[in-house]
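File shown here: work07.cif, holding mmCIF, C-alpha atoms.
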data_data
#
loop_
_atom_site.group_PDB
_atom_site.id
_atom_site.type_symbol
_atom_site.label_atom_id
_atom_site.label_comp_id
_atom_site.auth_asym_id
_atom_site.auth_seq_id
_atom_site.Cartn_x
_atom_site.Cartn_y
_atom_site.Cartn_z
ATOM 1 C CA ALA A 1 -54.251 120.275 132.351
ATOM 2 C CA ALA A 2 -51.208 120.064 130.080
ATOM 3 C CA TRP A 3 -53.360 118.957 127.157
ATOM 4 C CA THR A 4 -55.796 121.820 127.692
ATOM 5 C CA ALA A 5 -52.971 124.335 127.975
ATOM 6 C CA GLY A 6 -51.397 123.034 124.770
ATOM 7 C CA MET A 7 -54.651 123.217 122.839
ATOM 8 C CA LEU A 8 -55.338 126.726 124.148
ATOM 9 C CA CYS A 9 -51.870 127.819 123.006
ATOM 10 C CA ILE A 10 -52.448 126.413 119.530
ATOM 11 C CA HIS A 11 -55.856 128.054 119.270
ATOM 12 C CA SER A 12 -54.502 131.381 120.480
ATOM 13 C CA ALA A 13 -51.771 131.163 117.823
ATOM 14 C CA MET A 14 -54.471 130.557 115.223
ATOM 15 C CA ILE A 15 -56.482 133.548 116.427
ATOM 16 C CA ARG A 16 -53.400 135.793 116.380
ATOM 17 C CA SER A 17 -52.604 134.609 112.861
ATOM 18 C CA CYS A 18 -56.156 135.321 111.719
ATOM 19 C CA ARG A 19 -56.003 138.826 113.156
ATOM 20 C CA ARG A 20 -52.645 139.512 111.495
ATOM 21 C CA PHE A 21 -53.952 138.159 108.196
ATOM 22 C CA LEU A 22 -57.012 140.401 108.323
ATOM 23 C CA SER A 23 -54.934 143.467 109.165
ATOM 24 C CA GLU A 24 -52.611 143.093 106.140
ATOM 25 C CA PRO A 25 -53.481 144.338 102.648
ATOM 26 C CA ALA A 26 -54.594 141.605 100.279
ATOM 27 C CA SER A 27 -52.186 140.349 97.626
ATOM 28 C CA PRO A 28 -51.874 136.995 95.843
ATOM 29 C CA ALA A 29 -48.377 136.275 97.201
ATOM 30 C CA ALA A 30 -49.347 137.107 100.782
ATOM 31 C CA THR A 31 -52.502 135.037 100.475
ATOM 32 C CA ARG A 32 -50.485 131.977 99.401
ATOM 33 C CA ALA A 33 -48.108 132.381 102.342
ATOM 34 C CA TRP A 34 -50.980 132.794 104.789
ATOM 35 C CA ARG A 35 -52.770 129.780 103.349
ATOM 36 C CA THR A 36 -49.678 127.681 104.049
ATOM 37 C CA ARG A 37 -49.502 128.965 107.624
ATOM 38 C CA PHE A 38 -53.160 128.201 108.222
ATOM 39 C CA VAL A 39 -52.839 124.707 106.769
ATOM 40 C CA VAL A 40 -49.872 123.952 109.044
ATOM 41 C CA LEU A 41 -51.662 125.280 112.146
ATOM 42 C CA ASP A 42 -54.774 123.275 111.314
ATOM 43 C CA MET A 43 -52.699 120.157 110.654
ATOM 44 C CA VAL A 44 -51.031 120.456 114.069
ATOM 45 C CA THR A 45 -54.413 120.875 115.776
ATOM 46 C CA GLU A 46 -55.991 117.958 113.924
ATOM 47 C CA THR A 47 -52.991 115.706 114.575
ATOM 48 C CA LEU A 48 -53.188 116.371 118.295
ATOM 49 C CA MET A 49 -56.933 115.728 118.339
ATOM 50 C CA MET A 50 -56.472 112.454 116.442
ATOM 51 C CA PHE A 51 -53.790 111.405 118.920
ATOM 52 C CA LEU A 52 -56.155 112.107 121.811
ATOM 53 C CA MET A 53 -58.985 110.118 120.216
ATOM 54 C CA LEU A 54 -56.691 107.167 119.564
ATOM 55 C CA LEU A 55 -55.430 107.319 123.136
ATOM 56 C CA VAL A 56 -58.976 107.288 124.520
ATOM 57 C CA ILE A 57 -59.929 104.353 122.293
ATOM 58 C CA ALA A 58 -56.811 102.405 123.308
ATOM 59 C CA VAL A 59 -57.398 102.895 127.018
ATOM 60 C CA SER A 60 -61.110 102.145 126.723
ATOM 61 C CA SER A 61 -60.409 98.975 124.766
ATOM 62 C CA MET A 62 -57.830 97.852 127.271
ATOM 63 C CA LEU A 63 -60.128 98.428 130.232
ATOM 64 C CA ALA A 64 -63.098 96.706 128.612
ATOM 65 C CA ALA A 65 -61.234 93.907 126.839
ATOM 66 C CA ASN A 66 -62.993 91.111 128.712
ATOM 67 C CA LEU A 67 -66.476 92.429 127.838
ATOM 68 C CA PRO A 68 -66.794 93.055 124.078
ATOM 69 C CA ILE A 69 -70.050 95.013 124.266
ATOM 70 C CA ALA A 70 -68.486 97.384 126.816
ATOM 71 C CA ALA A 71 -65.510 97.910 124.524
ATOM 72 C CA LEU A 72 -67.892 98.758 121.694
ATOM 73 C CA ALA A 73 -69.892 101.115 123.910
ATOM 74 C CA ALA A 74 -66.718 102.863 125.081
ATOM 75 C CA THR A 75 -65.092 103.269 121.673
ATOM 76 C CA ALA A 76 -68.085 103.893 119.388
ATOM 77 C CA PRO A 77 -68.739 107.531 120.448
ATOM 78 C CA VAL A 78 -65.097 108.476 119.950
ATOM 79 C CA ALA A 79 -64.921 106.692 116.598
ATOM 80 C CA VAL A 80 -68.100 108.404 115.396
ATOM 81 C CA ALA A 81 -66.809 111.804 116.498
#

Serialized structure, structure tokens:
Amino acid sequence: AAWTAGMLCIHSAMIRSCRRFLSEPASPAATRAWRTRFVVLDMVTETLMMFLMLLVIAVSSMLAANLPIAALAATAPVAVA
């Protein structure tokens, strides 16, 4: 629940930023500043998603350590994604 709430907060911040960006007049300086904001928001989202994938792989590997094919079956979908 905490993870979902955190991701929803980040996505809502991204949506608010997109709406504010679209409501402002276009200028090269403003566009550079907005690009930086969007890169930072995307980096935070991607970092959290990578952390979650690594956590799932670690737990799956730990639980299936005594059966190598089960470890592969548990971690392959996450690694492919």

Report task. Using all atoms listed in the file, find all polymer residues with an atom at most 10 Å away from the point (-65.1, 106.5, 120.4); report them as a list of chain:residue names. Result -> A:Met53, A:Leu54, A:Val56, A:Ile57, A:Ala58, A:Ser60, A:Ser61, A:Ala71, A:Leu72, A:Ala73, A:Ala74, A:Thr75, A:Ala76, A:Pro77, A:Val78, A:Ala79, A:Val80, A:Ala81

Requested in this report: State, in Å with one decimal place, the distance from CA of Ala33 in chain A to CA of His11 in chain A.
Outcome: 19.1 Å

Query raised in the report: Between A:Ala64, A:Ile10, A:Leu55, A:Cys18, which is the closest to Arg35 in chain A once you count all atoms listed in the file?
Result: A:Cys18

Please, what is the axis-aligned box for every listed atom of range 17-34 of chain A with 8 Å on each side, as centre and edge lengths in Å to one decimal, as lines of an AutoDock Vina configuration file?
center_x = -52.6
center_y = 138.2
center_z = 104.5
size_x = 24.9
size_y = 28.4
size_z = 33.3

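Minimum distance to Ile15 in chain A across A:Ala2, A:Ala30, A:Leu41, A:Ala65 (counting all atoms listed in the file) occurs at A:Leu41.
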